[in-house]
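The file run_4.cif comes next; it holds mmCIF, C-alpha atoms and all ligand atoms; chains and numbers go by the auth columns.
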data_structure
#
loop_
_atom_site.group_PDB
_atom_site.id
_atom_site.type_symbol
_atom_site.label_atom_id
_atom_site.label_comp_id
_atom_site.label_asym_id
_atom_site.label_seq_id
_atom_site.Cartn_x
_atom_site.Cartn_y
_atom_site.Cartn_z
_atom_site.B_iso_or_equiv
_atom_site.auth_seq_id
_atom_site.auth_asym_id
ATOM 1 C CA MET A 1 7.283 -1.411 -30.809 0.00 1 Q
ATOM 2 C CA SER A 2 9.560 -2.085 -27.868 0.00 2 Q
ATOM 3 C CA ASP A 3 12.228 0.198 -29.434 0.00 3 Q
ATOM 4 C CA GLN A 4 9.976 3.169 -28.671 0.00 4 Q
ATOM 5 C CA LEU A 5 9.525 2.270 -25.037 0.00 5 Q
ATOM 6 C CA LYS A 6 11.260 4.285 -22.390 0.00 6 Q
ATOM 7 C CA TYR A 7 11.593 1.270 -20.115 0.00 7 Q
ATOM 8 C CA ARG A 8 12.488 -2.325 -20.839 0.00 8 Q
ATOM 9 C CA ARG A 9 12.210 -3.830 -17.360 0.00 9 Q
ATOM 10 C CA ILE A 10 10.465 -2.467 -14.293 0.00 10 Q
ATOM 11 C CA LEU A 11 9.863 -3.472 -10.717 0.00 11 Q
ATOM 12 C CA LEU A 12 6.496 -2.429 -9.325 0.00 12 Q
ATOM 13 C CA LYS A 13 5.896 -2.230 -5.583 0.00 13 Q
ATOM 14 C CA LEU A 14 2.275 -2.676 -4.571 0.00 14 Q
ATOM 15 C CA SER A 15 1.503 -2.321 -0.891 0.00 15 Q
ATOM 16 C CA GLY A 16 -1.009 -4.626 0.695 0.00 16 Q
ATOM 17 C CA GLU A 17 -3.135 -1.550 1.335 0.00 17 Q
ATOM 18 C CA ALA A 18 -3.293 -0.944 -2.414 0.00 18 Q
ATOM 19 C CA LEU A 19 -5.318 -4.144 -2.688 0.00 19 Q
ATOM 20 C CA MET A 20 -7.928 -3.261 -0.039 0.00 20 Q
ATOM 21 C CA GLY A 21 -9.785 -0.578 -1.939 0.00 21 Q
ATOM 22 C CA ASP A 22 -12.079 1.205 0.500 0.00 22 Q
ATOM 23 C CA ALA A 23 -12.165 -1.677 2.966 0.00 23 Q
ATOM 24 C CA ASP A 24 -9.915 -1.751 6.022 0.00 24 Q
ATOM 25 C CA TYR A 25 -8.777 -5.354 5.658 0.00 25 Q
ATOM 26 C CA GLY A 26 -8.226 -7.987 2.987 0.00 26 Q
ATOM 27 C CA ILE A 27 -8.490 -7.824 -0.782 0.00 27 Q
ATOM 28 C CA ASP A 28 -11.075 -6.079 -2.956 0.00 28 Q
ATOM 29 C CA PRO A 29 -11.516 -8.255 -6.088 0.00 29 Q
ATOM 30 C CA LYS A 30 -12.401 -5.220 -8.202 0.00 30 Q
ATOM 31 C CA VAL A 31 -9.256 -3.357 -7.176 0.00 31 Q
ATOM 32 C CA ILE A 32 -6.904 -6.301 -7.686 0.00 32 Q
ATOM 33 C CA GLY A 33 -8.614 -7.006 -11.024 0.00 33 Q
ATOM 34 C CA ARG A 34 -8.034 -3.482 -12.282 0.00 34 Q
ATOM 35 C CA LEU A 35 -4.401 -3.556 -11.172 0.00 35 Q
ATOM 36 C CA ALA A 36 -3.971 -6.903 -12.949 0.00 36 Q
ATOM 37 C CA ASP A 37 -5.484 -5.388 -16.120 0.00 37 Q
ATOM 38 C CA GLU A 38 -3.032 -2.501 -16.028 0.00 38 Q
ATOM 39 C CA ILE A 39 -0.049 -4.776 -15.433 0.00 39 Q
ATOM 40 C CA ILE A 40 -1.067 -7.085 -18.300 0.00 40 Q
ATOM 41 C CA GLU A 41 -1.563 -4.059 -20.550 0.00 41 Q
ATOM 42 C CA ILE A 42 2.036 -2.909 -20.128 0.00 42 Q
ATOM 43 C CA GLN A 43 3.371 -6.474 -20.413 0.00 43 Q
ATOM 44 C CA ARG A 44 1.649 -6.748 -23.786 0.00 44 Q
ATOM 45 C CA ILE A 45 3.550 -3.792 -25.187 0.00 45 Q
ATOM 46 C CA GLY A 46 6.782 -5.576 -24.328 0.00 46 Q
ATOM 47 C CA ILE A 47 7.725 -4.461 -20.837 0.00 47 Q
ATOM 48 C CA GLN A 48 9.225 -7.022 -18.490 0.00 48 Q
ATOM 49 C CA ILE A 49 7.610 -6.802 -15.079 0.00 49 Q
ATOM 50 C CA GLY A 50 8.412 -7.926 -11.589 0.00 50 Q
ATOM 51 C CA VAL A 51 6.013 -7.056 -8.789 0.00 51 Q
ATOM 52 C CA VAL A 52 6.735 -6.988 -5.066 0.00 52 Q
ATOM 53 C CA ILE A 53 3.538 -7.212 -3.052 0.00 53 Q
ATOM 54 C CA GLY A 54 3.202 -6.097 0.541 0.00 54 Q
ATOM 55 C CA GLY A 55 1.077 -7.605 3.278 0.00 55 Q
ATOM 56 C CA GLY A 56 -0.142 -4.670 5.336 0.00 56 Q
ATOM 57 C CA ASN A 57 -3.757 -5.338 4.388 0.00 57 Q
ATOM 58 C CA ILE A 58 -3.558 -8.540 6.447 0.00 58 Q
ATOM 59 C CA PHE A 59 -0.680 -8.500 8.963 0.00 59 Q
ATOM 60 C CA ARG A 60 2.315 -6.341 9.816 0.00 60 Q
ATOM 61 C CA GLY A 61 4.964 -7.628 12.193 0.00 61 Q
ATOM 62 C CA ALA A 62 5.336 -4.299 13.975 0.00 62 Q
ATOM 63 C CA GLY A 63 1.594 -4.126 14.635 0.00 63 Q
ATOM 64 C CA LEU A 64 1.490 -7.673 15.956 0.00 64 Q
ATOM 65 C CA ALA A 65 4.537 -6.970 18.180 0.00 65 Q
ATOM 66 C CA ALA A 66 2.829 -3.846 19.566 0.00 66 Q
ATOM 67 C CA ALA A 67 -0.082 -6.095 20.526 0.00 67 Q
ATOM 68 C CA GLY A 68 2.302 -8.371 22.460 0.00 68 Q
ATOM 69 C CA MET A 69 3.482 -10.962 19.934 0.00 69 Q
ATOM 70 C CA ASP A 70 7.104 -11.953 19.432 0.00 70 Q
ATOM 71 C CA ARG A 71 8.385 -9.662 16.674 0.00 71 Q
ATOM 72 C CA VAL A 72 10.026 -12.352 14.556 0.00 72 Q
ATOM 73 C CA THR A 73 6.863 -14.454 14.629 0.00 73 Q
ATOM 74 C CA GLY A 74 4.880 -11.364 13.676 0.00 74 Q
ATOM 75 C CA ASP A 75 7.224 -10.706 10.765 0.00 75 Q
ATOM 76 C CA HIS A 76 6.863 -14.300 9.621 0.00 76 Q
ATOM 77 C CA MET A 77 3.087 -13.799 9.630 0.00 77 Q
ATOM 78 C CA GLY A 78 3.523 -10.553 7.706 0.00 78 Q
ATOM 79 C CA MET A 79 5.628 -12.317 5.090 0.00 79 Q
ATOM 80 C CA LEU A 80 3.064 -15.094 4.783 0.00 80 Q
ATOM 81 C CA ALA A 81 0.409 -12.398 4.266 0.00 81 Q
ATOM 82 C CA THR A 82 2.360 -11.197 1.232 0.00 82 Q
ATOM 83 C CA VAL A 83 2.281 -14.750 -0.138 0.00 83 Q
ATOM 84 C CA MET A 84 -1.525 -14.721 0.069 0.00 84 Q
ATOM 85 C CA ASN A 85 -1.683 -11.388 -1.731 0.00 85 Q
ATOM 86 C CA ALA A 86 0.677 -12.623 -4.430 0.00 86 Q
ATOM 87 C CA LEU A 87 -1.450 -15.739 -4.960 0.00 87 Q
ATOM 88 C CA ALA A 88 -4.521 -13.532 -5.342 0.00 88 Q
ATOM 89 C CA MET A 89 -2.696 -11.395 -7.911 0.00 89 Q
ATOM 90 C CA GLN A 90 -1.512 -14.501 -9.778 0.00 90 Q
ATOM 91 C CA ASP A 91 -5.110 -15.661 -9.958 0.00 91 Q
ATOM 92 C CA ALA A 92 -6.337 -12.246 -11.134 0.00 92 Q
ATOM 93 C CA VAL A 93 -3.676 -12.096 -13.870 0.00 93 Q
ATOM 94 C CA GLU A 94 -4.406 -15.603 -15.082 0.00 94 Q
ATOM 95 C CA LYS A 95 -8.200 -15.031 -15.083 0.00 95 Q
ATOM 96 C CA ARG A 96 -7.505 -12.199 -17.543 0.00 96 Q
ATOM 97 C CA GLY A 97 -5.387 -14.303 -19.879 0.00 97 Q
ATOM 98 C CA GLY A 98 -1.975 -13.174 -18.622 0.00 98 Q
ATOM 99 C CA PHE A 99 0.819 -15.337 -17.279 0.00 99 Q
ATOM 100 C CA ALA A 100 2.207 -14.985 -13.773 0.00 100 Q
ATOM 101 C CA ARG A 101 4.473 -16.845 -11.374 0.00 101 Q
ATOM 102 C CA VAL A 102 4.640 -16.354 -7.631 0.00 102 Q
ATOM 103 C CA MET A 103 8.229 -16.606 -6.390 0.00 103 Q
ATOM 104 C CA SER A 104 8.648 -16.655 -2.630 0.00 104 Q
ATOM 105 C CA ALA A 105 11.640 -15.653 -0.530 0.00 105 Q
ATOM 106 C CA ILE A 106 10.468 -18.232 2.042 0.00 106 Q
ATOM 107 C CA GLN A 107 10.371 -21.830 0.850 0.00 107 Q
ATOM 108 C CA ILE A 108 6.745 -22.859 0.504 0.00 108 Q
ATOM 109 C CA HIS A 109 6.912 -25.278 -2.386 0.00 109 Q
ATOM 110 C CA ASP A 110 3.330 -26.422 -2.485 0.00 110 Q
ATOM 111 C CA VAL A 111 2.102 -22.948 -3.306 0.00 111 Q
ATOM 112 C CA ALA A 112 4.948 -20.985 -4.892 0.00 112 Q
ATOM 113 C CA GLU A 113 8.332 -21.288 -6.555 0.00 113 Q
ATOM 114 C CA ASP A 114 11.436 -20.215 -4.660 0.00 114 Q
ATOM 115 C CA PHE A 115 12.890 -16.860 -5.639 0.00 115 Q
ATOM 116 C CA ILE A 116 15.880 -17.708 -7.808 0.00 116 Q
ATOM 117 C CA ARG A 117 17.242 -14.655 -9.575 0.00 117 Q
ATOM 118 C CA ARG A 118 18.115 -16.288 -12.884 0.00 118 Q
ATOM 119 C CA ARG A 119 14.781 -18.058 -13.027 0.00 119 Q
ATOM 120 C CA ALA A 120 12.968 -14.808 -12.247 0.00 120 Q
ATOM 121 C CA ILE A 121 14.767 -13.094 -15.129 0.00 121 Q
ATOM 122 C CA ARG A 122 13.812 -15.941 -17.438 0.00 122 Q
ATOM 123 C CA HIS A 123 10.141 -15.645 -16.421 0.00 123 Q
ATOM 124 C CA ILE A 124 9.961 -11.946 -17.164 0.00 124 Q
ATOM 125 C CA GLU A 125 11.900 -12.304 -20.415 0.00 125 Q
ATOM 126 C CA LYS A 126 9.268 -14.828 -21.505 0.00 126 Q
ATOM 127 C CA GLY A 127 6.455 -12.421 -20.771 0.00 127 Q
ATOM 128 C CA ARG A 128 5.418 -13.833 -17.427 0.00 128 Q
ATOM 129 C CA ILE A 129 4.685 -11.407 -14.643 0.00 129 Q
ATOM 130 C CA ALA A 130 6.917 -12.367 -11.713 0.00 130 Q
ATOM 131 C CA LEU A 131 5.200 -11.821 -8.383 0.00 131 Q
ATOM 132 C CA PHE A 132 7.774 -11.654 -5.603 0.00 132 Q
ATOM 133 C CA ALA A 133 6.346 -12.730 -2.272 0.00 133 Q
ATOM 134 C CA ALA A 134 7.618 -12.972 1.317 0.00 134 Q
ATOM 135 C CA GLY A 135 9.654 -9.777 1.042 0.00 135 Q
ATOM 136 C CA THR A 136 13.361 -10.358 1.581 0.00 136 Q
ATOM 137 C CA GLY A 137 12.638 -13.539 3.541 0.00 137 Q
ATOM 138 C CA ASN A 138 14.065 -11.932 6.687 0.00 138 Q
ATOM 139 C CA PRO A 139 12.356 -10.423 9.718 0.00 139 Q
ATOM 140 C CA PHE A 140 12.890 -6.718 10.525 0.00 140 Q
ATOM 141 C CA PHE A 141 12.734 -5.778 6.843 0.00 141 Q
ATOM 142 C CA THR A 142 9.866 -4.403 4.789 0.00 142 Q
ATOM 143 C CA THR A 143 8.550 -5.079 1.338 0.00 143 Q
ATOM 144 C CA ASP A 144 9.842 -1.628 0.335 0.00 144 Q
ATOM 145 C CA SER A 145 13.351 -2.907 0.980 0.00 145 Q
ATOM 146 C CA ALA A 146 12.464 -6.105 -0.873 0.00 146 Q
ATOM 147 C CA ALA A 147 11.295 -4.021 -3.841 0.00 147 Q
ATOM 148 C CA ALA A 148 14.542 -2.046 -3.945 0.00 148 Q
ATOM 149 C CA LEU A 149 16.528 -5.279 -3.615 0.00 149 Q
ATOM 150 C CA ARG A 150 14.662 -7.091 -6.409 0.00 150 Q
ATOM 151 C CA ALA A 151 14.850 -4.032 -8.667 0.00 151 Q
ATOM 152 C CA VAL A 152 18.627 -3.931 -8.287 0.00 152 Q
ATOM 153 C CA GLU A 153 19.012 -7.710 -8.584 0.00 153 Q
ATOM 154 C CA LEU A 154 16.954 -7.841 -11.759 0.00 154 Q
ATOM 155 C CA GLY A 155 18.664 -4.859 -13.336 0.00 155 Q
ATOM 156 C CA ALA A 156 15.358 -2.984 -13.645 0.00 156 Q
ATOM 157 C CA ASP A 157 15.356 0.409 -15.383 0.00 157 Q
ATOM 158 C CA LEU A 158 12.864 1.790 -12.892 0.00 158 Q
ATOM 159 C CA LEU A 159 11.395 1.040 -9.494 0.00 159 Q
ATOM 160 C CA LEU A 160 7.787 2.164 -9.263 0.00 160 Q
ATOM 161 C CA LYS A 161 5.978 2.596 -5.981 0.00 161 Q
ATOM 162 C CA ALA A 162 2.208 2.621 -6.308 0.00 162 Q
ATOM 163 C CA THR A 163 0.441 4.782 -3.734 0.00 163 Q
ATOM 164 C CA LYS A 164 -2.873 6.523 -3.218 0.00 164 Q
ATOM 165 C CA VAL A 165 -1.480 10.054 -3.598 0.00 165 Q
ATOM 166 C CA ASP A 166 -0.152 11.782 -6.695 0.00 166 Q
ATOM 167 C CA GLY A 167 3.459 12.018 -5.577 0.00 167 Q
ATOM 168 C CA VAL A 168 5.662 12.948 -2.641 0.00 168 Q
ATOM 169 C CA TYR A 169 4.699 15.917 -0.466 0.00 169 Q
ATOM 170 C CA SER A 170 6.564 17.876 2.212 0.00 170 Q
ATOM 171 C CA ALA A 171 3.854 16.785 4.675 0.00 171 Q
ATOM 172 C CA ASP A 172 0.726 14.631 4.573 0.00 172 Q
ATOM 173 C CA PRO A 173 -1.520 16.497 2.086 0.00 173 Q
ATOM 174 C CA ALA A 174 -4.603 15.050 3.794 0.00 174 Q
ATOM 175 C CA LYS A 175 -3.615 16.888 6.992 0.00 175 Q
ATOM 176 C CA VAL A 176 -1.485 19.845 5.909 0.00 176 Q
ATOM 177 C CA HIS A 177 -3.358 22.107 3.519 0.00 177 Q
ATOM 178 C CA ASP A 178 -0.358 23.830 1.931 0.00 178 Q
ATOM 179 C CA ALA A 179 1.991 20.835 1.774 0.00 179 Q
ATOM 180 C CA GLU A 180 4.461 21.172 -1.098 0.00 180 Q
ATOM 181 C CA ARG A 181 4.367 18.560 -3.863 0.00 181 Q
ATOM 182 C CA PHE A 182 7.682 17.533 -5.423 0.00 182 Q
ATOM 183 C CA GLU A 183 8.221 16.662 -9.076 0.00 183 Q
ATOM 184 C CA GLN A 184 11.746 15.409 -8.466 0.00 184 Q
ATOM 185 C CA LEU A 185 13.960 14.727 -5.469 0.00 185 Q
ATOM 186 C CA SER A 186 17.393 13.294 -4.792 0.00 186 Q
ATOM 187 C CA TYR A 187 17.799 10.210 -2.634 0.00 187 Q
ATOM 188 C CA ASP A 188 19.631 12.295 -0.023 0.00 188 Q
ATOM 189 C CA GLN A 189 16.803 14.855 0.095 0.00 189 Q
ATOM 190 C CA VAL A 190 14.344 12.051 0.794 0.00 190 Q
ATOM 191 C CA ILE A 191 16.524 10.694 3.604 0.00 191 Q
ATOM 192 C CA GLU A 192 17.503 14.068 5.133 0.00 192 Q
ATOM 193 C CA ARG A 193 13.983 15.497 5.049 0.00 193 Q
ATOM 194 C CA LYS A 194 12.547 12.204 6.298 0.00 194 Q
ATOM 195 C CA LEU A 195 9.967 12.252 3.505 0.00 195 Q
ATOM 196 C CA ALA A 196 7.488 9.395 3.622 0.00 196 Q
ATOM 197 C CA VAL A 197 8.519 7.721 0.380 0.00 197 Q
ATOM 198 C CA MET A 198 9.960 4.362 1.309 0.00 198 Q
ATOM 199 C CA ASP A 199 11.901 3.317 4.374 0.00 199 Q
ATOM 200 C CA THR A 200 15.493 4.515 4.636 0.00 200 Q
ATOM 201 C CA ALA A 201 17.017 1.101 3.915 0.00 201 Q
ATOM 202 C CA ALA A 202 15.126 0.961 0.609 0.00 202 Q
ATOM 203 C CA ILE A 203 16.106 4.508 -0.395 0.00 203 Q
ATOM 204 C CA ALA A 204 19.750 3.900 0.545 0.00 204 Q
ATOM 205 C CA LEU A 205 19.839 0.768 -1.608 0.00 205 Q
ATOM 206 C CA CYS A 206 18.361 2.701 -4.539 0.00 206 Q
ATOM 207 C CA ARG A 207 20.880 5.500 -4.020 0.00 207 Q
ATOM 208 C CA ASP A 208 23.877 3.180 -3.795 0.00 208 Q
ATOM 209 C CA HIS A 209 22.880 1.453 -7.034 0.00 209 Q
ATOM 210 C CA ARG A 210 21.449 4.498 -8.837 0.00 210 Q
ATOM 211 C CA MET A 211 18.040 2.905 -9.199 0.00 211 Q
ATOM 212 C CA PRO A 212 15.524 5.547 -10.290 0.00 212 Q
ATOM 213 C CA LEU A 213 12.350 5.472 -8.236 0.00 213 Q
ATOM 214 C CA ARG A 214 9.002 6.903 -9.226 0.00 214 Q
ATOM 215 C CA ILE A 215 6.120 7.290 -6.771 0.00 215 Q
ATOM 216 C CA TYR A 216 2.734 7.504 -8.473 0.00 216 Q
ATOM 217 C CA ASP A 217 -0.992 7.378 -7.829 0.00 217 Q
ATOM 218 C CA MET A 218 -2.247 3.944 -8.720 0.00 218 Q
ATOM 219 C CA THR A 219 -5.894 4.909 -8.115 0.00 219 Q
ATOM 220 C CA VAL A 220 -5.937 6.792 -11.436 0.00 220 Q
ATOM 221 C CA PRO A 221 -6.576 4.202 -14.172 0.00 221 Q
ATOM 222 C CA GLY A 222 -3.997 4.318 -16.957 0.00 222 Q
ATOM 223 C CA ASN A 223 -1.191 5.916 -14.927 0.00 223 Q
ATOM 224 C CA LEU A 224 1.038 2.866 -15.258 0.00 224 Q
ATOM 225 C CA MET A 225 0.841 2.991 -19.065 0.00 225 Q
ATOM 226 C CA ARG A 226 1.379 6.762 -19.059 0.00 226 Q
ATOM 227 C CA ILE A 227 4.595 6.317 -17.105 0.00 227 Q
ATOM 228 C CA MET A 228 5.736 3.604 -19.517 0.00 228 Q
ATOM 229 C CA ARG A 229 5.161 6.067 -22.363 0.00 229 Q
ATOM 230 C CA GLY A 230 7.448 8.530 -20.617 0.00 230 Q
ATOM 231 C CA GLU A 231 4.932 10.903 -18.997 0.00 231 Q
ATOM 232 C CA PRO A 232 6.258 12.441 -15.761 0.00 232 Q
ATOM 233 C CA ILE A 233 3.469 11.203 -13.496 0.00 233 Q
ATOM 234 C CA GLY A 234 4.061 11.534 -9.739 0.00 234 Q
ATOM 235 C CA THR A 235 7.498 12.171 -8.220 0.00 235 Q
ATOM 236 C CA LEU A 236 10.848 10.939 -9.494 0.00 236 Q
ATOM 237 C CA VAL A 237 13.633 10.208 -7.034 0.00 237 Q
ATOM 238 C CA ASP A 238 17.080 9.905 -8.549 0.00 238 Q
ATOM 239 C CA ALA A 239 20.684 11.121 -8.440 0.00 239 Q
HETATM 240 N N1 LIG B . 8.161 -8.485 6.282 0.00 301 C
HETATM 241 C C1 LIG B . 9.344 -8.983 6.783 0.00 301 C
HETATM 242 N N2 LIG B . 10.454 -9.006 5.973 0.00 301 C
HETATM 243 C C2 LIG B . 10.446 -8.535 4.708 0.00 301 C
HETATM 244 C C3 LIG B . 9.230 -8.000 4.212 0.00 301 C
HETATM 245 C C4 LIG B . 8.109 -7.985 5.011 0.00 301 C
HETATM 246 O O1 LIG B . 9.402 -9.419 7.922 0.00 301 C
HETATM 247 O O2 LIG B . 11.481 -8.591 4.025 0.00 301 C
HETATM 248 C C5 LIG B . 6.945 -8.540 7.117 0.00 301 C
HETATM 249 C C6 LIG B . 6.830 -7.368 8.066 0.00 301 C
HETATM 250 O O3 LIG B . 6.220 -7.842 9.249 0.00 301 C
HETATM 251 C C7 LIG B . 5.878 -6.454 7.329 0.00 301 C
HETATM 252 C C8 LIG B . 4.935 -7.433 6.682 0.00 301 C
HETATM 253 O O4 LIG B . 5.795 -8.498 6.286 0.00 301 C
HETATM 254 O O5 LIG B . 5.182 -5.584 8.195 0.00 301 C
HETATM 255 C C9 LIG B . 4.180 -6.911 5.492 0.00 301 C
HETATM 256 O O6 LIG B . 5.030 -6.152 4.667 0.00 301 C
HETATM 257 P P1 LIG B . 4.895 -4.565 4.563 0.00 301 C
HETATM 258 O O7 LIG B . 4.566 -3.965 5.885 0.00 301 C
HETATM 259 O O8 LIG B . 6.119 -4.070 3.878 0.00 301 C
HETATM 260 O O9 LIG B . 3.655 -4.458 3.589 0.00 301 C
HETATM 261 P P2 LIG B . 2.961 -3.173 2.945 0.00 301 C
HETATM 262 O O10 LIG B . 3.079 -2.038 3.923 0.00 301 C
HETATM 263 O O11 LIG B . 3.709 -2.875 1.694 0.00 301 C
HETATM 264 O O12 LIG B . 1.571 -3.622 2.666 0.00 301 C
#
Could you express the structure from this file as structure tokens?
Ligand code: UDP
Amino acid sequence: MSDQLKYRRILLKLSGEALMGDADYGIDPKVIGRLADEIIEIQRIGIQIGVVIGGGNIFRGAGLAAAGMDRVTGDHMGMLATVMNALAMQDAVEKRGGFARVMSAIQIHDVAEDFIRRRAIRHIEKGRIALFAAGTGNPFFTTDSAAALRAVELGADLLLKATKVDGVYSADPAKVHDAERFEQLSYDQVIERKLAVMDTAAIALCRDHRMPLRIYDMTVPGNLMRIMRGEPIGTLVDA
């Protein structure tokens, strides 16, 4: 079956906000459960999966700094928030009969393995879903950059960014009625037009390593599988 698959190994970026559902904080068990179902479904057809999880549903360093906190401390809290989200996803995957391992970029041995590239590759080759927590491990970065980094490190065929809209638009479609929706863009177009896809560091890393990036609507059940089958869901950024 895996011979028919368009992708062999993918890196999925889930923002913390993706886990909140309609709430404005924390994790909605129904939402994380459905995402876990979809991830397990594509693992079972033979796709190797790494997931980078954000933390914006709990803490963001920039937000904490704006409220007066030291930025580096805020970023540490943001990274720890991603560890909590990854643990919740690990639990959701395992409750559904899948296998998952949280690997953290910050050493936190009592709750997660360290991120070690070769070990991560071994996990995904064995059918475990690798959940990459704590971003890059460094302040002043984002989990978008971590996703691009892990995708390149793991030799993924595709970086997928899950969002709540059906692709990249010229402006926020919730605010601008006639915003243009793009099927495909180049990395340079994204950077030059300042399109809200991922931060510039993440896009530049993808560009420099020719990592194709697809932005898709994760609120539509089944989209992940459709993309794995080769359907052009959302917006593709490449070349
Ligand atoms: N963060 C960091 N370094 C990283 C990744 C994340 O310091 O490499 C911190 C940063 O404060 C960030 C927070 O963790 O705001 C949560 O990550 P992010 O904002 O990317 O989460 P998302 O928006 O995807 O939910």
Report, as JSON, the centre and edge lengths in Å (one decimal) of the axis-aligned box enclosing every listed atom of ligand LIG 301 (chain C), padded by 8 Å on each side.
{"center_x": 6.5, "center_y": -5.7, "center_z": 5.5, "size_x": 25.9, "size_y": 23.4, "size_z": 23.6}
Go through Q:Ile233, Q:Ile108, Q:Ile32, Q:Leu12 and flag the residue nearest Ala134 (chain Q), using all atoms listed in the file for the distances.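 Of the candidates, the smallest distance to Ala134 (chain Q) is held by Q:Ile108.
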Using all atoms listed in the file, what table do you get, as a tab-separated table, when you list each residue of chain Q with an atom no more than 8 Å from ligand LIG 301 (chain C), its nearest pair of atoms, and their distance in Å rounded to one decimal, rows by chain then rising number?
residue	atom	partner	partner_atom	distance
Q:Lys13	CA	C:LIG301	O11	7.6
Q:Leu14	CA	C:LIG301	O11	6.4
Q:Ser15	CA	C:LIG301	O11	3.4
Q:Gly16	CA	C:LIG301	O12	3.4
Q:Glu17	CA	C:LIG301	O12	5.3
Q:Ala18	CA	C:LIG301	O12	7.5
Q:Ile53	CA	C:LIG301	O11	6.4
Q:Gly54	CA	C:LIG301	O11	3.5
Q:Gly55	CA	C:LIG301	C9	3.9
Q:Gly56	CA	C:LIG301	O12	3.3
Q:Asn57	CA	C:LIG301	O12	5.9
Q:Ile58	CA	C:LIG301	C9	8.0
Q:Phe59	CA	C:LIG301	C8	6.2
Q:Arg60	CA	C:LIG301	O5	3.4
Q:Gly61	CA	C:LIG301	O3	3.2
Q:Ala62	CA	C:LIG301	O5	5.9
Q:Gly63	CA	C:LIG301	O5	7.5
Q:Arg71	CA	C:LIG301	O3	7.9
Q:Val72	CA	C:LIG301	O1	7.3
Q:Gly74	CA	C:LIG301	O3	5.8
Q:Asp75	CA	C:LIG301	O3	3.4
Q:His76	CA	C:LIG301	O1	5.8
Q:Met77	CA	C:LIG301	O3	6.7
Q:Gly78	CA	C:LIG301	O4	3.4
Q:Met79	CA	C:LIG301	O4	4.0
Q:Leu80	CA	C:LIG301	O4	7.3
Q:Ala81	CA	C:LIG301	C9	6.8
Q:Thr82	CA	C:LIG301	C9	6.3
Q:Ala134	CA	C:LIG301	C3	6.0
Q:Gly135	CA	C:LIG301	C3	3.7
Q:Thr136	CA	C:LIG301	O2	3.6
Q:Gly137	CA	C:LIG301	O2	5.1
Q:Asn138	CA	C:LIG301	N2	4.7
Q:Pro139	CA	C:LIG301	O1	3.6
Q:Phe140	CA	C:LIG301	O1	5.1
Q:Phe141	CA	C:LIG301	N2	4.0
Q:Thr142	CA	C:LIG301	C3	3.7
Q:Thr143	CA	C:LIG301	O8	3.7
Q:Asp144	CA	C:LIG301	O8	5.7
Q:Ser145	CA	C:LIG301	O2	6.7
Q:Ala146	CA	C:LIG301	O2	5.6
I'd like to know which of Q:Ala179, Q:Leu158, Q:Arg193, Q:Gln43 is closest to Gly230 (chain Q), using only C-alpha atoms.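 Among the listed residues, the smallest separation from Gly230 (chain Q) belongs to Q:Leu158.
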How many Å separate CA of Asp199 (chain Q) from CA of Asn223 (chain Q)? 23.5 Å
Rounded to one decimal place, report the CA of Phe99 (chain Q)-CA of Tyr216 (chain Q) distance in Å.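 Atom-to-atom, CA of Phe99 (chain Q) to CA of Tyr216 (chain Q), that is 24.6 Å.
In terms of minimum interatomic distance to Asp157 (chain Q), Q:Ile47 ranks closest within Q:Ile47, Q:Ile116, Q:Val52, Q:Met218, counting all atoms listed in the file.
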The PyMOL selection byres (((chain Q and resi 11) around 9) and not hetatm) applied to the shown file, residues as a ChimeraX atom specification: /Q:9-10,12-13,48-52,147-148,150-151,154,156-161
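Proximity to His123 (chain Q) at 9 Å, evaluated using all atoms listed in the file and with sequence-adjacent residues fewer than 5 positions away removed, yields Gln48, Ala100, Arg101, Arg118, Arg128, Ile129 and Ala130 of chain Q.
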Ground truth for the PyMOL selection byres (((chain Q and resi 35-42) around 7) and not hetatm), written as a PyMOL selection string: chain Q and resi 31-34+43-47+89+92-93+98+222+224-225
Counting only C-alpha atoms, the residue of Q:Cys206, Q:Met69, Q:Leu5, Q:Val111 that sits nearest Arg229 (chain Q):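 Selected residue with least distance to Arg229 (chain Q): Q:Leu5.
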Please compute the CA of Val220 (chain Q)-CA of Ser170 (chain Q) distance, one decimal, in Å. 21.6 Å
Out of Q:Ala196, Q:Leu131, Q:Ala67, Q:Met228, which residue has the shortest atom-to-atom distance to Pro173 (chain Q) when counting all atoms listed in the file?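 Of the candidates, the smallest distance to Pro173 (chain Q) is held by Q:Ala196.
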Under the rule that only C-alpha atoms are counted, which of Q:Ile215, Q:Arg122, Q:Met20, Q:Val165 is the nearest residue to Met198 (chain Q)? Q:Ile215
Identify all residues satisfying the PyMOL selection byres (((chain Q and resi 169) around 8) and not hetatm) in the given file; provide them as a PyMOL selection string. chain Q and resi 167-168+170-173+179-182+195
